[in-house]
Amino acid sequence: NAGVTQTPKFQVLKTGQSMTLQCAQDMNHEYMSWYRQDPGMGLRLIHYSVGAGITDQGEVPNGYNVSRSTTEDFPLRLLSAAPSQTSVYFCASSYTSSDTQYFGPGTRLTVL
Amino acid sequence: KQEVTQIPAALSVPEGENLVLNCSFTDSAIYNLQWFRQDPGKGLTSLLLIQSSQREQTSGRLNASLDKSSGRSTLYIAASQPGDSATYLCAVKSGGGADGLTFGKGTHLIIQP
């Protein structure tokens, strides 16, 4: 199993550009989530999904969109990038929200 | 709102020592608590998950305890090794809903050879 994969590993954007961070898992997990990690702060939940076709907002959802068309994939879209979105983004998956969470390697995003 | 605090923020000890990392949380109505390890530039690796009904979990040289009523958890690392150097994160799952984990800021651990 590849586990949780994320692409790209690094990305530089200009303010106002849009992009999609990809996340995929091959463990047949129903629950997937996105976090951002900023210096001096704990990881914060952006969006989550309990299964295909179902998504919900976390603690810091503004400026981000998600969709879940398949069990395997959970992309995160930045509609109009802002410098405040400079961060490291982690995708995680698990069987349910209460089970052990498996994290991807992260995407380091810089917005200029 | 749940808040998770980890003390100390950083710790440096000689190889071979036993050590304890601390985690506290403000709302005792948790579902479970997880300890993660994060190496520089990498993702998080789950070490131990303790359900709210459990008092402790063990994996190899690691032992995690949970005192839900006092809002505390400890991660005990026995016979530390340089390979244990990493940032250790504590995360709490509050309630039975589908929302995610609340993380502490982590303890940066250095084991001196």
# chains A, B, ... in the order shown; residues from 1 in each chain; ligands from 1
call {"tool": "closest_atom_pairs", "arguments": {"of": "chain A", "to": "chain B", "cutoff": "6 Å", "atoms": "only C-alpha atoms", "output": "tab-separated table"}}
result
residue	atom	partner	partner_atom	distance
A:Met41	CA	B:Lys105	CA	5.6
A:Gly42	CA	B:Lys105	CA	4.4
A:Leu43	CA	B:Phe103	CA	5.7
A:Ser97	CA	B:Ala98	CA	5.4
A:Phe103	CA	B:Leu44	CA	5.6
A:Gly104	CA	B:Gly43	CA	5.7
A:Pro105	CA	B:Gly43	CA	4.2
A:Gly106	CA	B:Gly43	CA	5.9
call {"tool": "write_last_selection", "arguments": {"atoms": "N, CA, C and O atoms", "output": "PDB file, in the first residue's frame"}}
result
ATOM      1  N   MET A  41       1.988  27.238  15.846  1.00  0.00           N
ATOM      2  CA  MET A  41       0.589  26.853  16.041  1.00  0.00           C
ATOM      3  C   MET A  41       0.457  25.351  15.833  1.00  0.00           C
ATOM      4  O   MET A  41       1.224  24.742  15.101  1.00  0.00           O
ATOM      5  N   GLY A  42      -0.528  24.770  16.452  1.00  0.00           N
ATOM      6  CA  GLY A  42      -0.808  23.363  16.195  1.00  0.00           C
ATOM      7  C   GLY A  42      -1.455  23.198  14.839  1.00  0.00           C
ATOM      8  O   GLY A  42      -1.872  24.166  14.216  1.00  0.00           O
ATOM      9  N   LEU A  43      -1.541  21.979  14.389  1.00  0.00           N
ATOM     10  CA  LEU A  43      -2.267  21.724  13.149  1.00  0.00           C
ATOM     11  C   LEU A  43      -3.723  22.124  13.316  1.00  0.00           C
ATOM     12  O   LEU A  43      -4.323  21.871  14.368  1.00  0.00           O
ATOM     13  N   SER A  97     -13.703   8.876  11.871  1.00  0.00           N
ATOM     14  CA  SER A  97     -13.042  10.035  12.473  1.00  0.00           C
ATOM     15  C   SER A  97     -12.415   9.700  13.820  1.00  0.00           C
ATOM     16  O   SER A  97     -11.588  10.455  14.317  1.00  0.00           O
ATOM     17  N   PHE A 103      -1.338  10.131   8.025  1.00  0.00           N
ATOM     18  CA  PHE A 103      -1.065  11.403   7.369  1.00  0.00           C
ATOM     19  C   PHE A 103      -0.197  11.224   6.129  1.00  0.00           C
ATOM     20  O   PHE A 103       0.668  10.334   6.073  1.00  0.00           O
ATOM     21  N   GLY A 104      -0.418  12.106   5.153  1.00  0.00           N
ATOM     22  CA  GLY A 104       0.452  12.177   3.995  1.00  0.00           C
ATOM     23  C   GLY A 104       1.712  12.969   4.313  1.00  0.00           C
ATOM     24  O   GLY A 104       1.848  13.518   5.411  1.00  0.00           O
ATOM     25  N   PRO A 105       2.647  13.059   3.363  1.00  0.00           N
ATOM     26  CA  PRO A 105       3.932  13.725   3.595  1.00  0.00           C
ATOM     27  C   PRO A 105       3.859  15.245   3.578  1.00  0.00           C
ATOM     28  O   PRO A 105       4.823  15.915   3.946  1.00  0.00           O
ATOM     29  N   GLY A 106       2.739  15.802   3.143  1.00  0.00           N
ATOM     30  CA  GLY A 106       2.576  17.247   3.176  1.00  0.00           C
ATOM     31  C   GLY A 106       2.910  17.945   1.871  1.00  0.00           C
ATOM     32  O   GLY A 106       3.667  17.441   1.039  1.00  0.00           O
TER      33      GLY A 106
END
call {"tool": "select_by_dssp", "arguments": {"residues": "chain B", "states": "strand (DSSP E or B)", "output": "PyMOL selection string"}}
result
chain B and resi 4-7+10-14+19-25+30-38+44-51+56-59+62-67+72-77+86-94+101-103+107-112
call {"tool": "atom_distance", "arguments": {"atom1": "CA of Pro82 (chain B)", "atom2": "CA of Gln6 (chain B)"}}
result
21.3 Å
call {"tool": "closest_residue", "arguments": {"among": "A:Arg36, A:Gln17, A:Val111, A:Asp73", "to": "Pro61 (chain A)", "atoms": "only C-alpha atoms"}}
result
A:Arg36
call {"tool": "atom_distance", "arguments": {"atom1": "CA of Asp84 (chain B)", "atom2": "CA of Cys91 (chain A)"}}
result
23.9 Å
call {"tool": "atom_distance", "arguments": {"atom1": "CA of Tyr31 (chain A)", "atom2": "CA of Asp27 (chain B)"}}
result
23.8 Å
call {"tool": "residues_around", "arguments": {"residues": "Lys14 (chain A)", "least_positions_apart": "6", "cutoff": "10 Å", "atoms": "only C-alpha atoms", "output": "list in words"}}
result
Ser80, Ala81, Ala82, Pro83, Thr110, Val111 and Leu112 of chain A
call {"tool": "write_last_selection", "arguments": {"atoms": "C-alpha atoms", "output": "CSV table (one decimal), in the first residue's frame"}}
result
chain,number,residue,atom,x,y,z
A,80,SER,CA,-7.7,32.9,-5.0
A,81,ALA,CA,-4.4,32.4,-3.1
A,82,ALA,CA,-3.4,34.9,-0.4
A,83,PRO,CA,-0.1,35.3,1.5
A,110,THR,CA,4.3,29.6,-0.5
A,111,VAL,CA,2.1,32.5,-1.7
A,112,LEU,CA,4.0,35.6,-2.8
call {"tool": "closest_residue", "arguments": {"among": "A:Ser84, A:Ser33, A:Thr71, A:Asp38", "to": "Gly16 (chain A)", "atoms": "only C-alpha atoms"}}
result
A:Ser84
call {"tool": "decode", "arguments": {"residues": "region 8-45 of chain A", "atoms": "N, CA, C and O atoms", "output": "compact mmCIF listing (two decimals), in the first residue's frame"}}
result
# COMPACT_ATOMS: atom_id res chain seq x y z
N PRO A 8 1.39 18.57 -5.18
CA PRO A 8 2.85 18.45 -5.26
C PRO A 8 3.48 18.49 -3.87
O PRO A 8 2.79 18.71 -2.89
N LYS A 9 4.78 18.30 -3.76
CA LYS A 9 5.49 18.44 -2.49
C LYS A 9 5.75 19.90 -2.17
O LYS A 9 5.73 20.30 -1.00
N PHE A 10 6.03 20.68 -3.18
CA PHE A 10 6.30 22.11 -3.01
C PHE A 10 5.53 22.88 -4.10
O PHE A 10 5.38 22.38 -5.21
N GLN A 11 5.12 24.10 -3.76
CA GLN A 11 4.43 24.93 -4.74
C GLN A 11 4.60 26.39 -4.35
O GLN A 11 4.46 26.73 -3.17
N VAL A 12 4.89 27.23 -5.34
CA VAL A 12 4.94 28.68 -5.14
C VAL A 12 3.87 29.30 -6.03
O VAL A 12 3.82 29.02 -7.23
N LEU A 13 3.03 30.13 -5.44
CA LEU A 13 1.97 30.80 -6.17
C LEU A 13 2.10 32.31 -6.00
O LEU A 13 2.69 32.78 -5.02
N LYS A 14 1.50 33.03 -6.92
CA LYS A 14 1.36 34.46 -6.77
C LYS A 14 -0.03 34.74 -6.20
O LYS A 14 -0.99 33.98 -6.44
N THR A 15 -0.15 35.84 -5.49
CA THR A 15 -1.44 36.24 -4.93
C THR A 15 -2.49 36.27 -6.04
O THR A 15 -2.27 36.84 -7.12
N GLY A 16 -3.63 35.65 -5.76
CA GLY A 16 -4.73 35.64 -6.71
C GLY A 16 -4.80 34.41 -7.59
O GLY A 16 -5.85 34.14 -8.20
N GLN A 17 -3.71 33.65 -7.67
CA GLN A 17 -3.74 32.44 -8.47
C GLN A 17 -4.54 31.36 -7.76
O GLN A 17 -4.72 31.39 -6.54
N SER A 18 -5.00 30.39 -8.53
CA SER A 18 -5.72 29.26 -7.97
C SER A 18 -4.93 27.98 -8.20
O SER A 18 -4.09 27.92 -9.12
N MET A 19 -5.16 26.99 -7.36
CA MET A 19 -4.53 25.70 -7.56
C MET A 19 -5.26 24.65 -6.75
O MET A 19 -6.08 24.97 -5.88
N THR A 20 -4.94 23.39 -7.07
CA THR A 20 -5.52 22.26 -6.37
C THR A 20 -4.41 21.40 -5.78
O THR A 20 -3.49 21.01 -6.50
N LEU A 21 -4.53 21.14 -4.49
CA LEU A 21 -3.64 20.20 -3.82
C LEU A 21 -4.31 18.83 -3.86
O LEU A 21 -5.46 18.68 -3.46
N GLN A 22 -3.54 17.84 -4.34
CA GLN A 22 -4.10 16.52 -4.50
C GLN A 22 -3.80 15.65 -3.28
O GLN A 22 -2.73 15.73 -2.67
N CYS A 23 -4.76 14.80 -2.93
CA CYS A 23 -4.60 13.82 -1.87
C CYS A 23 -5.29 12.54 -2.29
O CYS A 23 -6.44 12.58 -2.75
N ALA A 24 -4.60 11.42 -2.13
CA ALA A 24 -5.19 10.13 -2.46
C ALA A 24 -4.76 9.09 -1.42
O ALA A 24 -3.66 9.18 -0.86
N GLN A 25 -5.65 8.13 -1.16
CA GLN A 25 -5.31 7.03 -0.24
C GLN A 25 -5.81 5.72 -0.83
O GLN A 25 -6.84 5.69 -1.52
N ASP A 26 -5.07 4.65 -0.54
CA ASP A 26 -5.42 3.34 -1.11
C ASP A 26 -5.76 2.35 -0.01
O ASP A 26 -5.58 1.13 -0.18
N MET A 27 -6.24 2.83 1.12
CA MET A 27 -6.57 1.97 2.26
C MET A 27 -8.07 1.79 2.42
O MET A 27 -8.51 1.24 3.43
N ASN A 28 -8.84 2.29 1.48
CA ASN A 28 -10.30 2.19 1.52
C ASN A 28 -10.89 2.88 2.77
O ASN A 28 -11.88 2.41 3.34
N HIS A 29 -10.25 3.98 3.15
CA HIS A 29 -10.73 4.75 4.30
C HIS A 29 -11.90 5.64 3.89
O HIS A 29 -11.85 6.30 2.86
N GLU A 30 -12.91 5.68 4.75
CA GLU A 30 -14.05 6.55 4.48
C GLU A 30 -13.78 8.00 4.90
O GLU A 30 -14.25 8.92 4.27
N TYR A 31 -13.03 8.19 5.97
CA TYR A 31 -12.83 9.52 6.54
C TYR A 31 -11.53 10.11 6.02
O TYR A 31 -10.47 9.48 6.08
N MET A 32 -11.62 11.34 5.49
CA MET A 32 -10.43 12.06 5.04
C MET A 32 -10.54 13.51 5.50
O MET A 32 -11.64 14.05 5.66
N SER A 33 -9.38 14.12 5.71
CA SER A 33 -9.37 15.49 6.23
C SER A 33 -8.14 16.23 5.75
O SER A 33 -7.15 15.61 5.33
N TRP A 34 -8.23 17.56 5.81
CA TRP A 34 -7.13 18.44 5.48
C TRP A 34 -6.80 19.32 6.68
O TRP A 34 -7.71 19.89 7.31
N TYR A 35 -5.48 19.44 6.98
CA TYR A 35 -4.99 20.31 8.02
C TYR A 35 -3.94 21.25 7.42
O TYR A 35 -3.28 20.93 6.45
N ARG A 36 -3.76 22.38 8.09
CA ARG A 36 -2.63 23.24 7.79
C ARG A 36 -1.78 23.37 9.04
O ARG A 36 -2.30 23.36 10.17
N GLN A 37 -0.46 23.47 8.84
CA GLN A 37 0.46 23.59 9.95
C GLN A 37 1.29 24.85 9.77
O GLN A 37 1.99 24.99 8.77
N ASP A 38 1.19 25.74 10.74
CA ASP A 38 1.90 27.00 10.71
C ASP A 38 2.85 27.08 11.90
O ASP A 38 2.54 26.55 12.97
N PRO A 39 3.99 27.77 11.75
CA PRO A 39 4.95 27.88 12.85
C PRO A 39 4.30 28.45 14.10
O PRO A 39 3.55 29.43 14.04
N GLY A 40 4.58 27.83 15.24
CA GLY A 40 4.07 28.32 16.51
C GLY A 40 2.61 27.98 16.77
O GLY A 40 2.06 28.39 17.79
N MET A 41 1.99 27.24 15.85
CA MET A 41 0.59 26.85 16.04
C MET A 41 0.46 25.35 15.83
O MET A 41 1.22 24.74 15.10
N GLY A 42 -0.53 24.77 16.45
CA GLY A 42 -0.81 23.36 16.19
C GLY A 42 -1.46 23.20 14.84
O GLY A 42 -1.87 24.17 14.22
N LEU A 43 -1.54 21.98 14.39
CA LEU A 43 -2.27 21.72 13.15
C LEU A 43 -3.72 22.12 13.32
O LEU A 43 -4.32 21.87 14.37
N ARG A 44 -4.28 22.73 12.27
CA ARG A 44 -5.68 23.17 12.32
C ARG A 44 -6.47 22.55 11.18
O ARG A 44 -6.00 22.51 10.03
N LEU A 45 -7.67 22.10 11.49
CA LEU A 45 -8.52 21.41 10.53
C LEU A 45 -9.16 22.38 9.56
O LEU A 45 -9.77 23.37 9.97
